[in-house]
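Text of my_file_26.cif, listed as mmCIF, C-alpha atoms:
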```
data_upload
#
loop_
_atom_site.group_PDB
_atom_site.id
_atom_site.type_symbol
_atom_site.label_atom_id
_atom_site.label_comp_id
_atom_site.auth_asym_id
_atom_site.auth_seq_id
_atom_site.Cartn_x
_atom_site.Cartn_y
_atom_site.Cartn_z
ATOM 1 C CA MET A 20 -6.395 -29.429 -6.471
ATOM 2 C CA SER A 21 -9.975 -29.023 -7.637
ATOM 3 C CA ASP A 22 -11.068 -27.750 -4.218
ATOM 4 C CA PRO A 23 -11.260 -23.944 -4.666
ATOM 5 C CA THR A 24 -10.054 -23.238 -1.112
ATOM 6 C CA GLU A 25 -6.971 -25.412 -1.630
ATOM 7 C CA GLN A 26 -6.390 -23.842 -5.042
ATOM 8 C CA LEU A 27 -6.528 -20.335 -3.583
ATOM 9 C CA LYS A 28 -4.199 -21.324 -0.767
ATOM 10 C CA HIS A 29 -1.771 -22.711 -3.317
ATOM 11 C CA VAL A 30 -1.897 -19.490 -5.397
ATOM 12 C CA LEU A 31 -1.199 -17.304 -2.333
ATOM 13 C CA GLU A 32 1.617 -19.556 -1.125
ATOM 14 C CA ARG A 33 3.328 -19.225 -4.503
ATOM 15 C CA ILE A 34 3.490 -15.399 -4.260
ATOM 16 C CA PRO A 35 6.538 -14.379 -2.189
ATOM 17 C CA TYR A 36 5.067 -10.966 -1.313
ATOM 18 C CA ALA A 37 1.812 -12.571 -0.071
ATOM 19 C CA ARG A 38 3.936 -14.731 2.232
ATOM 20 C CA PHE A 39 5.915 -11.650 3.313
ATOM 21 C CA LEU A 40 2.682 -9.936 4.421
ATOM 22 C CA GLY A 41 1.154 -13.167 5.762
ATOM 23 C CA VAL A 42 -2.068 -12.941 3.719
ATOM 24 C CA ARG A 43 -4.567 -15.823 3.962
ATOM 25 C CA ALA A 44 -7.978 -16.245 2.373
ATOM 26 C CA GLU A 45 -11.252 -17.920 3.244
ATOM 27 C CA LEU A 46 -13.913 -18.889 0.745
ATOM 28 C CA ALA A 47 -17.683 -19.007 1.193
ATOM 29 C CA GLY A 48 -18.918 -20.204 -2.192
ATOM 30 C CA ASP A 49 -17.559 -17.713 -4.691
ATOM 31 C CA GLU A 50 -17.140 -14.987 -2.074
ATOM 32 C CA MET A 51 -13.699 -14.591 -0.609
ATOM 33 C CA THR A 52 -12.598 -12.950 2.617
ATOM 34 C CA ALA A 53 -8.916 -12.073 2.690
ATOM 35 C CA VAL A 54 -7.306 -12.220 6.133
ATOM 36 C CA LEU A 55 -4.206 -10.324 7.240
ATOM 37 C CA PRO A 56 -3.187 -11.406 10.767
ATOM 38 C CA PHE A 57 -1.432 -8.636 12.687
ATOM 39 C CA SER A 58 2.322 -8.861 12.773
ATOM 40 C CA GLU A 59 4.928 -6.422 14.094
ATOM 41 C CA HIS A 60 6.581 -5.937 10.690
ATOM 42 C CA LEU A 61 3.363 -4.501 9.207
ATOM 43 C CA VAL A 62 3.497 -1.449 11.478
ATOM 44 C CA GLY A 63 4.115 1.940 9.844
ATOM 45 C CA ASN A 64 3.707 4.225 12.859
ATOM 46 C CA PRO A 65 5.247 2.533 15.903
ATOM 47 C CA THR A 66 4.011 5.155 18.395
ATOM 48 C CA LEU A 67 0.284 4.443 18.112
ATOM 49 C CA PRO A 68 1.007 1.722 16.778
ATOM 50 C CA ALA A 69 -0.709 1.677 13.364
ATOM 51 C CA ILE A 70 -0.435 -0.636 10.352
ATOM 52 C CA HIS A 71 1.361 1.034 7.408
ATOM 53 C CA GLY A 72 -1.091 2.607 4.946
ATOM 54 C CA GLY A 73 0.836 1.047 2.088
ATOM 55 C CA VAL A 74 0.304 -2.400 3.588
ATOM 56 C CA LEU A 75 -3.460 -1.834 3.745
ATOM 57 C CA GLY A 76 -3.426 -0.649 0.117
ATOM 58 C CA ALA A 77 -1.358 -3.653 -0.956
ATOM 59 C CA PHE A 78 -3.647 -6.032 0.977
ATOM 60 C CA MET A 79 -6.775 -4.621 -0.689
ATOM 61 C CA GLU A 80 -5.115 -4.750 -4.134
ATOM 62 C CA MET A 81 -4.311 -8.405 -3.541
ATOM 63 C CA THR A 82 -7.912 -9.040 -2.412
ATOM 64 C CA ALA A 83 -9.253 -7.544 -5.655
ATOM 65 C CA LEU A 84 -6.832 -9.596 -7.799
ATOM 66 C CA ALA A 85 -7.639 -12.840 -5.983
ATOM 67 C CA GLN A 86 -11.410 -12.277 -6.166
ATOM 68 C CA LEU A 87 -11.127 -11.605 -9.921
ATOM 69 C CA SER A 88 -9.186 -14.831 -10.439
ATOM 70 C CA ILE A 89 -11.786 -16.841 -8.498
ATOM 71 C CA LYS A 90 -14.882 -15.410 -10.124
ATOM 72 C CA GLU A 91 -13.787 -14.854 -13.673
ATOM 73 C CA GLY A 92 -11.223 -17.609 -14.204
ATOM 74 C CA GLN A 93 -8.501 -15.471 -15.724
ATOM 75 C CA ALA A 94 -6.222 -16.849 -18.446
ATOM 76 C CA ARG A 95 -3.490 -14.633 -17.002
ATOM 77 C CA GLN A 96 -3.104 -12.881 -13.670
ATOM 78 C CA PRO A 97 -5.101 -9.607 -13.931
ATOM 79 C CA ARG A 98 -2.995 -6.424 -14.027
ATOM 80 C CA VAL A 99 -3.662 -3.333 -11.943
ATOM 81 C CA ILE A 100 -4.317 -0.212 -14.033
ATOM 82 C CA ASP A 101 -5.191 2.216 -11.265
ATOM 83 C CA VAL A 102 -6.334 2.218 -7.668
ATOM 84 C CA SER A 103 -7.767 4.892 -5.421
ATOM 85 C CA ILE A 104 -7.351 4.179 -1.729
ATOM 86 C CA GLU A 105 -9.335 5.918 0.999
ATOM 87 C CA TYR A 106 -8.117 5.740 4.580
ATOM 88 C CA LEU A 107 -10.969 5.915 7.064
ATOM 89 C CA ARG A 108 -9.530 4.812 10.404
ATOM 90 C CA SER A 109 -6.099 3.971 11.654
ATOM 91 C CA GLY A 110 -5.158 0.295 11.303
ATOM 92 C CA ARG A 111 -4.889 -1.028 14.855
ATOM 93 C CA PRO A 112 -2.733 -3.976 15.920
ATOM 94 C CA LEU A 113 -5.501 -6.486 15.119
ATOM 95 C CA THR A 114 -6.345 -8.942 12.344
ATOM 96 C CA THR A 115 -7.564 -7.112 9.224
ATOM 97 C CA TYR A 116 -10.166 -8.546 6.828
ATOM 98 C CA ALA A 117 -11.055 -7.470 3.290
ATOM 99 C CA ARG A 118 -13.758 -8.358 0.823
ATOM 100 C CA ALA A 119 -13.929 -7.354 -2.838
ATOM 101 C CA GLU A 120 -17.023 -6.610 -4.879
ATOM 102 C CA ILE A 121 -16.676 -6.879 -8.651
ATOM 103 C CA LYS A 122 -18.799 -4.055 -10.004
ATOM 104 C CA LYS A 123 -18.260 -4.811 -13.677
ATOM 105 C CA VAL A 124 -16.171 -7.037 -15.895
ATOM 106 C CA GLY A 125 -15.949 -6.065 -19.550
ATOM 107 C CA ARG A 126 -13.854 -7.546 -22.332
ATOM 108 C CA ARG A 127 -10.710 -5.817 -21.108
ATOM 109 C CA ILE A 128 -11.443 -3.933 -17.898
ATOM 110 C CA ALA A 129 -12.815 -4.922 -14.513
ATOM 111 C CA ASN A 130 -13.986 -2.415 -11.926
ATOM 112 C CA VAL A 131 -13.608 -3.636 -8.338
ATOM 113 C CA HIS A 132 -14.406 -2.105 -4.939
ATOM 114 C CA VAL A 133 -12.756 -3.418 -1.780
ATOM 115 C CA GLU A 134 -13.410 -2.690 1.875
ATOM 116 C CA ALA A 135 -11.113 -3.557 4.783
ATOM 117 C CA TRP A 136 -12.166 -3.803 8.421
ATOM 118 C CA GLN A 137 -10.936 -5.116 11.763
ATOM 119 C CA ASP A 138 -13.102 -5.871 14.795
ATOM 120 C CA GLN A 139 -16.236 -4.177 13.433
ATOM 121 C CA ARG A 140 -17.495 -4.899 9.927
ATOM 122 C CA ALA A 141 -19.655 -1.751 9.999
ATOM 123 C CA SER A 142 -16.623 0.470 10.720
ATOM 124 C CA PRO A 143 -14.261 -0.108 7.762
ATOM 125 C CA ILE A 144 -10.698 1.152 8.191
ATOM 126 C CA ALA A 145 -9.950 1.584 4.482
ATOM 127 C CA ALA A 146 -11.505 1.220 1.031
ATOM 128 C CA LEU A 147 -10.129 0.772 -2.464
ATOM 129 C CA ARG A 148 -11.609 1.307 -5.916
ATOM 130 C CA GLY A 149 -9.621 0.022 -8.826
ATOM 131 C CA HIS A 150 -9.521 -0.804 -12.524
ATOM 132 C CA PHE A 151 -7.862 -4.012 -13.639
ATOM 133 C CA LEU A 152 -6.811 -5.310 -17.031
ATOM 134 C CA VAL A 153 -8.331 -8.753 -17.463
ATOM 135 C CA THR A 154 -7.719 -11.589 -19.912
ATOM 136 C CA PRO A 155 -10.762 -13.876 -19.617
ATOM 137 C CA VAL A 156 -10.364 -17.546 -20.521
ATOM 138 C CA GLU A 157 -11.396 -18.014 -24.187
ATOM 139 C CA GLU A 158 -14.742 -19.772 -24.617
ATOM 140 C CA MET B 25 21.628 24.018 4.735
ATOM 141 C CA SER B 26 18.885 25.059 7.115
ATOM 142 C CA ASP B 27 18.538 23.484 10.551
ATOM 143 C CA HIS B 28 14.967 22.660 9.633
ATOM 144 C CA LEU B 29 15.987 20.516 6.660
ATOM 145 C CA GLU B 30 18.540 18.760 8.816
ATOM 146 C CA ILE B 31 15.798 17.936 11.348
ATOM 147 C CA MET B 32 13.511 16.726 8.540
ATOM 148 C CA ARG B 33 16.304 14.482 7.253
ATOM 149 C CA GLN B 34 16.489 12.988 10.719
ATOM 150 C CA VAL B 35 12.703 12.540 10.672
ATOM 151 C CA ALA B 36 12.998 10.750 7.302
ATOM 152 C CA GLY B 37 15.756 8.547 8.678
ATOM 153 C CA ALA B 38 13.610 7.734 11.705
ATOM 154 C CA MET B 39 10.651 6.986 9.390
ATOM 155 C CA ASN B 40 12.820 4.397 7.599
ATOM 156 C CA LYS B 41 14.537 2.852 10.597
ATOM 157 C CA GLY B 42 11.813 3.337 13.218
ATOM 158 C CA SER B 43 8.936 2.065 11.090
ATOM 159 C CA PRO B 44 8.934 -1.749 11.178
ATOM 160 C CA GLN B 45 7.334 -2.057 7.720
ATOM 161 C CA ALA B 46 9.844 0.363 6.129
ATOM 162 C CA ARG B 47 12.659 -1.585 7.781
ATOM 163 C CA ALA B 48 11.231 -4.926 6.615
ATOM 164 C CA LEU B 49 11.131 -3.602 3.039
ATOM 165 C CA GLY B 50 14.654 -2.131 3.349
ATOM 166 C CA PHE B 51 13.688 1.478 2.531
ATOM 167 C CA GLU B 52 16.658 3.855 2.152
ATOM 168 C CA SER B 53 16.473 7.649 1.838
ATOM 169 C CA VAL B 54 18.338 8.849 -1.240
ATOM 170 C CA SER B 55 17.754 12.576 -0.818
ATOM 171 C CA LEU B 56 15.500 14.980 1.024
ATOM 172 C CA ASP B 57 15.141 18.654 0.165
ATOM 173 C CA LYS B 58 12.471 21.249 0.778
ATOM 174 C CA ALA B 59 9.174 19.463 -0.045
ATOM 175 C CA THR B 60 10.907 16.768 -2.139
ATOM 176 C CA ALA B 61 11.938 13.256 -1.136
ATOM 177 C CA VAL B 62 13.622 10.392 -3.005
ATOM 178 C CA LEU B 63 13.345 6.917 -1.477
ATOM 179 C CA LYS B 64 14.641 3.540 -2.622
ATOM 180 C CA VAL B 65 13.457 -0.042 -2.082
ATOM 181 C CA PRO B 66 16.202 -2.568 -2.924
ATOM 182 C CA TYR B 67 15.116 -5.486 -5.104
ATOM 183 C CA ASP B 68 14.518 -8.585 -2.977
ATOM 184 C CA ALA B 69 13.174 -12.023 -3.977
ATOM 185 C CA LYS B 70 10.799 -11.996 -0.997
ATOM 186 C CA LEU B 71 8.969 -8.968 -2.470
ATOM 187 C CA VAL B 72 8.097 -10.614 -5.787
ATOM 188 C CA GLY B 73 4.420 -10.526 -6.797
ATOM 189 C CA ASP B 74 4.602 -12.728 -9.897
ATOM 190 C CA PRO B 75 6.781 -15.796 -9.338
ATOM 191 C CA ASP B 76 6.786 -16.576 -13.090
ATOM 192 C CA THR B 77 8.477 -13.287 -14.045
ATOM 193 C CA GLY B 78 10.213 -12.160 -10.840
ATOM 194 C CA VAL B 79 8.467 -8.778 -11.038
ATOM 195 C CA ILE B 80 8.229 -6.969 -7.687
ATOM 196 C CA ALA B 81 4.665 -6.845 -6.262
ATOM 197 C CA GLY B 82 2.514 -3.808 -7.002
ATOM 198 C CA GLY B 83 1.870 -3.594 -3.262
ATOM 199 C CA VAL B 84 5.538 -2.877 -2.587
ATOM 200 C CA VAL B 85 5.370 0.057 -5.014
ATOM 201 C CA THR B 86 2.167 1.195 -3.249
ATOM 202 C CA THR B 87 3.923 1.233 0.133
ATOM 203 C CA LEU B 88 7.037 2.905 -1.310
ATOM 204 C CA LEU B 89 4.929 5.688 -2.870
ATOM 205 C CA ASP B 90 2.869 6.177 0.312
ATOM 206 C CA HIS B 91 5.991 6.369 2.478
ATOM 207 C CA CYS B 92 7.854 8.674 0.082
ATOM 208 C CA CYS B 93 4.834 11.005 -0.231
ATOM 209 C CA GLY B 94 4.696 11.199 3.580
ATOM 210 C CA GLN B 95 8.360 12.181 3.754
ATOM 211 C CA ALA B 96 7.849 14.901 1.125
ATOM 212 C CA ALA B 97 4.912 16.228 3.162
ATOM 213 C CA HIS B 98 7.073 16.309 6.313
ATOM 214 C CA ALA B 99 9.807 18.117 4.378
ATOM 215 C CA ALA B 100 7.303 20.774 3.262
ATOM 216 C CA LEU B 101 6.133 21.600 6.800
ATOM 217 C CA ASP B 102 7.718 24.313 8.929
ATOM 218 C CA SER B 103 7.615 22.177 12.040
ATOM 219 C CA PHE B 104 7.101 18.518 12.841
ATOM 220 C CA LYS B 105 3.492 17.354 12.816
ATOM 221 C CA TYR B 106 2.008 13.885 12.818
ATOM 222 C CA ILE B 107 0.446 13.138 9.459
ATOM 223 C CA ALA B 108 -1.843 10.398 8.133
ATOM 224 C CA THR B 109 -2.682 9.409 4.561
ATOM 225 C CA LEU B 110 -6.212 10.503 3.687
ATOM 226 C CA ASP B 111 -6.216 9.116 0.173
ATOM 227 C CA LEU B 112 -3.773 7.706 -2.296
ATOM 228 C CA ARG B 113 -4.401 7.288 -6.014
ATOM 229 C CA ILE B 114 -1.935 5.222 -8.030
ATOM 230 C CA ASP B 115 -1.694 4.697 -11.793
ATOM 231 C CA TYR B 116 0.359 1.687 -12.817
ATOM 232 C CA MET B 117 1.985 2.321 -16.210
ATOM 233 C CA ARG B 118 4.053 -0.842 -16.554
ATOM 234 C CA ALA B 119 5.631 -3.711 -14.611
ATOM 235 C CA ALA B 120 8.877 -3.009 -12.762
ATOM 236 C CA GLU B 121 11.966 -4.600 -14.306
ATOM 237 C CA PRO B 122 12.891 -7.798 -12.422
ATOM 238 C CA GLY B 123 16.108 -7.597 -10.422
ATOM 239 C CA LYS B 124 16.242 -3.789 -10.268
ATOM 240 C CA ASP B 125 15.890 -1.483 -7.258
ATOM 241 C CA VAL B 126 12.846 0.782 -7.377
ATOM 242 C CA TYR B 127 12.958 4.491 -6.530
ATOM 243 C CA ALA B 128 10.178 6.914 -5.686
ATOM 244 C CA ARG B 129 10.396 10.689 -6.039
ATOM 245 C CA ALA B 130 7.700 12.733 -4.301
ATOM 246 C CA HIS B 131 6.990 16.453 -4.266
ATOM 247 C CA CYS B 132 4.611 18.153 -1.862
ATOM 248 C CA PHE B 133 3.208 20.957 -4.005
ATOM 249 C CA LYS B 134 0.710 22.477 -1.578
ATOM 250 C CA VAL B 135 0.220 22.672 2.161
ATOM 251 C CA THR B 136 -2.936 24.138 3.681
ATOM 252 C CA ARG B 137 -3.864 24.453 7.350
ATOM 253 C CA ASN B 138 -5.158 20.860 7.497
ATOM 254 C CA VAL B 139 -3.977 19.049 4.386
ATOM 255 C CA ALA B 140 -0.756 18.436 2.422
ATOM 256 C CA PHE B 141 -1.021 17.521 -1.299
ATOM 257 C CA VAL B 142 1.700 15.389 -2.855
ATOM 258 C CA ARG B 143 2.545 13.898 -6.269
ATOM 259 C CA ALA B 144 5.045 11.112 -6.845
ATOM 260 C CA VAL B 145 6.484 8.727 -9.434
ATOM 261 C CA ALA B 146 8.155 5.330 -9.069
ATOM 262 C CA TYR B 147 10.936 4.294 -11.485
ATOM 263 C CA GLU B 148 14.153 2.271 -11.810
ATOM 264 C CA THR B 149 16.483 4.771 -13.516
ATOM 265 C CA ASP B 150 14.485 7.529 -15.208
ATOM 266 C CA PRO B 151 11.632 9.437 -13.501
ATOM 267 C CA ASP B 152 10.347 10.252 -17.019
ATOM 268 C CA ASP B 153 9.822 6.544 -17.670
ATOM 269 C CA PRO B 154 7.719 5.736 -14.599
ATOM 270 C CA ILE B 155 6.490 2.377 -13.339
ATOM 271 C CA ALA B 156 3.712 4.164 -11.481
ATOM 272 C CA ALA B 157 2.488 7.641 -10.571
ATOM 273 C CA ALA B 158 0.707 8.673 -7.384
ATOM 274 C CA THR B 159 -1.339 11.531 -5.989
ATOM 275 C CA ALA B 160 -1.806 11.669 -2.232
ATOM 276 C CA ALA B 161 -3.450 13.873 0.381
ATOM 277 C CA PHE B 162 -2.334 13.849 4.017
ATOM 278 C CA MET B 163 -4.157 15.093 7.091
ATOM 279 C CA LEU B 164 -1.887 17.213 9.271
ATOM 280 C CA ASP B 165 -1.813 16.856 13.055
ATOM 281 C CA SER B 166 -3.511 13.498 12.612
ATOM 282 C CA SER B 167 -2.515 12.230 16.021
ATOM 283 C CA ALA B 168 -3.580 15.389 17.839
ATOM 284 C CA GLY B 169 -4.760 14.310 21.257
ATOM 285 C CA LYS B 170 -3.799 10.671 20.643
ATOM 286 C CA LYS B 171 -1.325 9.375 23.151
ATOM 287 C CA PRO B 172 1.317 6.757 22.363
ATOM 288 C CA GLY B 173 -0.294 3.318 22.457
ATOM 289 C CA ALA B 174 -3.752 4.777 21.686
ATOM 290 C CA ASN B 175 -4.416 2.032 19.151
ATOM 291 C CA PHE B 176 -4.196 -0.658 21.801
ATOM 292 C CA LYS B 177 -7.481 0.594 23.295
ATOM 293 C CA PRO B 178 -10.726 -1.036 22.152
ATOM 294 C CA SER B 179 -12.614 0.885 19.462
ATOM 295 C CA LYS B 180 -15.358 3.217 20.615
ATOM 296 C CA SER B 181 -18.071 2.819 17.971
#
```
As structure tokens - that is how I would like this structure written.
Amino acid sequence: MSDPTEQLKHVLERIPYARFLGVRAELAGDEMTAVLPFSEHLVGNPTLPAIHGGVLGAFMEMTALAQLSIKEGQARQPRVIDVSIEYLRSGRPLTTYARAEIKKVGRRIANVHVEAWQDQRASPIAALRGHFLVTPVEE
Amino acid sequence: MSDHLEIMRQVAGAMNKGSPQARALGFESVSLDKATAVLKVPYDAKLVGDPDTGVIAGGVVTTLLDHCCGQAAHAALDSFKYIATLDLRIDYMRAAEPGKDVYARAHCFKVTRNVAFVRAVAYETDPDDPIAAATAAFMLDSSAGKKPGANFKPSKS
């Protein structure tokens, strides 16, 4: 279980809600790309159809939490304090990707930005900025 | 009881039953009045975010708040319009209690020509002891000109 990719897979498989959404993750060094394959049950607006905004928010929250765990080695799962989600384009029936950028980690708080996209990386469909309560592993 | 509210209640019902994600989460409308909506998500083991504690995932609360805010916005409008979330800010005050259903109560406090502004709280029993609070803005007439199935087309840019 020392392989980080396997470890991350194991963490995601243990979370029932991550399984419910169908979230996967890929690692390139310490940078993670979260992957949300399209599935019918993720749709919020069936007419267009469009992925539910709440699902995109939840997916980006999960991306931020997972990236924090990978990079900072948390003693406990980080807790969300607040998030601000911006919706840029409608979520089409395609695979969605997200990547988190940790802007700062202090003794208690981490500030993380996340961007989600589909077929074009340069045209993100949603973004999230959030603060998280962290408990770093004691030295 | 105005006819309009009755129609909006039907819209809310359709938003719960017709939206696959709302159906998958088991959303149920509790009440809908002028500009105010109360929505429930029943506790379910498949929605747990922390398997060690059984606490429901923050993402479920996010979706509940988004959906409930949308219904409050619909209930504040004089006629049906398509709406889309522009932004959603959520403050998480505490973890939800394991095993309990979660409710959201949303109030649309302002509607302009293009935007509806909504506030909401999520709670188990008492709205004054919230799990989370949200502020949302919705674009009105978001699907103007978009035909059903528009999202199946390849993106332009």
statement: A straight line from atom CA of Ala161 of chain B to atom CA of Leu61 of chain A spans 21.5 Å
With a cut-off of 8 Å, could you pull out the residues of chain A touching chain B and give me the nearest pair of atoms for each, distance in Å to one decimal, using all atoms listed in the file, ordered by chain and ascending number, as a tab-separated table?
```
residue	atom	partner	partner_atom	distance
A:Arg33	CA	B:Pro75	CA	6.9
A:Ile34	CA	B:Gly73	CA	5.6
A:Pro35	CA	B:Lys70	CA	5.0
A:Tyr36	CA	B:Leu71	CA	4.5
A:Ala37	CA	B:Gly73	CA	7.5
A:Phe39	CA	B:Lys70	CA	6.5
A:Glu59	CA	B:Pro44	CA	6.8
A:His60	CA	B:Pro44	CA	4.8
A:Leu61	CA	B:Gln45	CA	4.9
A:Val62	CA	B:Gln45	CA	5.4
A:Gly63	CA	B:Ser43	CA	5.0
A:Asn64	CA	B:Ser43	CA	5.9
A:Pro65	CA	B:Ser43	CA	6.1
A:Thr66	CA	B:Pro172	CA	5.1
A:Leu67	CA	B:Gly173	CA	4.5
A:Pro68	CA	B:Asn175	CA	5.9
A:Ala69	CA	B:Asn175	CA	6.9
A:His71	CA	B:Gln45	CA	6.7
A:Gly72	CA	B:Thr109	CA	7.0
A:Gly73	CA	B:Thr87	CA	3.7
A:Val74	CA	B:Thr87	CA	6.2
A:Gly76	CA	B:Thr86	CA	6.8
A:Ala77	CA	B:Gly83	CA	4.0
A:Phe78	CA	B:Gly83	CA	7.4
A:Glu80	CA	B:Gly83	CA	7.1
A:Met81	CA	B:Gly83	CA	7.8
A:Val99	CA	B:Tyr116	CA	6.5
A:Ile100	CA	B:Tyr116	CA	5.2
A:Asp101	CA	B:Asp115	CA	4.3
A:Val102	CA	B:Ile114	CA	5.3
A:Ser103	CA	B:Arg113	CA	4.2
A:Ile104	CA	B:Leu112	CA	5.1
A:Glu105	CA	B:Asp111	CA	4.5
A:Tyr106	CA	B:Leu110	CA	5.2
A:Leu107	CA	B:Leu110	CA	7.4
A:Ser109	CA	B:Asn175	CA	7.9
A:Arg111	CA	B:Asn175	CA	5.3
A:Pro112	CA	B:Phe176	CA	6.9
A:Ser142	CA	B:Ser181	CA	7.8
```
Run the PyMOL selection byres ((chain B and resi 141) around 7) mentally over the shown coordinates, then write out the matched residues as a compact mmCIF listing (two decimals) with C-alpha atoms, in the frame of the given file, using the chain letters and numbers from the document.
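This is the output file out37.txt:
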```txt
# COMPACT_ATOMS: atom_id res chain seq x y z
CA CYS B 132 4.61 18.15 -1.86
CA PHE B 133 3.21 20.96 -4.00
CA LYS B 134 0.71 22.48 -1.58
CA VAL B 135 0.22 22.67 2.16
CA VAL B 139 -3.98 19.05 4.39
CA ALA B 140 -0.76 18.44 2.42
CA VAL B 142 1.70 15.39 -2.86
CA ALA B 160 -1.81 11.67 -2.23
CA ALA B 161 -3.45 13.87 0.38
CA PHE B 162 -2.33 13.85 4.02
```
message: Can you spell out as number ranges by chain the set of residues that the PyMOL selection byres ((chain B and resi 97) around 7) selects in the structure I just provided?
response: B: 59, 93-96, 98-101, 132, 140, 142
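Picture a line from atom CA of Val42 of chain A to atom CA of Ala117 of chain A; it runs 10.5 Å.
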field: Given the PyMOL selection byres ((chain A and resi 28) around 12), the residues it picks as a PyMOL selection string
entry: chain A and resi 20-27+29-34+37-38+41-46+51+53-54+85+89
Emit as AutoDock Vina command-line options the padded axis-aligned box for all listed atoms of segment 95-109 of chain A, 6 Å per side, with centre and edge lengths in Å to one decimal.
```
--center_x -7.0 --center_y -4.4 --center_z -2.7 --size_x 20.0 --size_y 32.6 --size_z 40.7
```
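Counting from atom CA of Ala128 of chain B, the distance to atom CA of Pro154 of chain B is 9.3 Å.
Using only C-alpha atoms, the nearest neighbour of Ile155 of chain B within the list B:Lys41, B:Lys105, B:Lys58, B:Lys124 is B:Lys124.
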Quick one: segment 103-119 of chain B with N, CA and C atoms, as a CSV table (one decimal), in the frame of the given file?
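For reference, result-v7.csv as written:
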```csv
chain,number,residue,atom,x,y,z
B,103,SER,N,7.3,22.8,10.8
B,103,SER,CA,7.6,22.2,12.0
B,103,SER,C,7.1,20.8,12.0
B,104,PHE,N,7.6,19.9,12.9
B,104,PHE,CA,7.1,18.5,12.8
B,104,PHE,C,5.6,18.4,13.3
B,105,LYS,N,4.9,17.7,12.5
B,105,LYS,CA,3.5,17.4,12.8
B,105,LYS,C,3.3,15.9,12.5
B,106,TYR,N,2.4,15.2,13.2
B,106,TYR,CA,2.0,13.9,12.8
B,106,TYR,C,1.1,14.0,11.6
B,107,ILE,N,1.3,13.1,10.7
B,107,ILE,CA,0.4,13.1,9.5
B,107,ILE,C,-0.1,11.7,9.2
B,108,ALA,N,-1.3,11.7,8.5
B,108,ALA,CA,-1.8,10.4,8.1
B,108,ALA,C,-2.4,10.5,6.7
B,109,THR,N,-2.2,9.4,5.9
B,109,THR,CA,-2.7,9.4,4.6
B,109,THR,C,-4.2,9.4,4.6
B,110,LEU,N,-4.8,10.4,3.8
B,110,LEU,CA,-6.2,10.5,3.7
B,110,LEU,C,-6.6,9.7,2.5
B,111,ASP,N,-6.0,10.0,1.3
B,111,ASP,CA,-6.2,9.1,0.2
B,111,ASP,C,-5.0,9.0,-0.7
B,112,LEU,N,-4.9,8.0,-1.5
B,112,LEU,CA,-3.8,7.7,-2.3
B,112,LEU,C,-4.3,7.1,-3.6
B,113,ARG,N,-4.0,7.8,-4.7
B,113,ARG,CA,-4.4,7.3,-6.0
B,113,ARG,C,-3.1,6.9,-6.8
B,114,ILE,N,-3.1,5.7,-7.3
B,114,ILE,CA,-1.9,5.2,-8.0
B,114,ILE,C,-2.3,4.7,-9.4
B,115,ASP,N,-1.6,5.2,-10.4
B,115,ASP,CA,-1.7,4.7,-11.8
B,115,ASP,C,-0.5,3.8,-12.1
B,116,TYR,N,-0.7,2.6,-12.5
B,116,TYR,CA,0.4,1.7,-12.8
B,116,TYR,C,0.6,1.7,-14.3
B,117,MET,N,1.7,2.2,-14.8
B,117,MET,CA,2.0,2.3,-16.2
B,117,MET,C,2.6,1.0,-16.8
B,118,ARG,N,3.4,0.4,-16.0
B,118,ARG,CA,4.1,-0.8,-16.6
B,118,ARG,C,4.6,-1.6,-15.4
B,119,ALA,N,5.0,-2.9,-15.7
B,119,ALA,CA,5.6,-3.7,-14.6
B,119,ALA,C,7.1,-3.2,-14.3
```
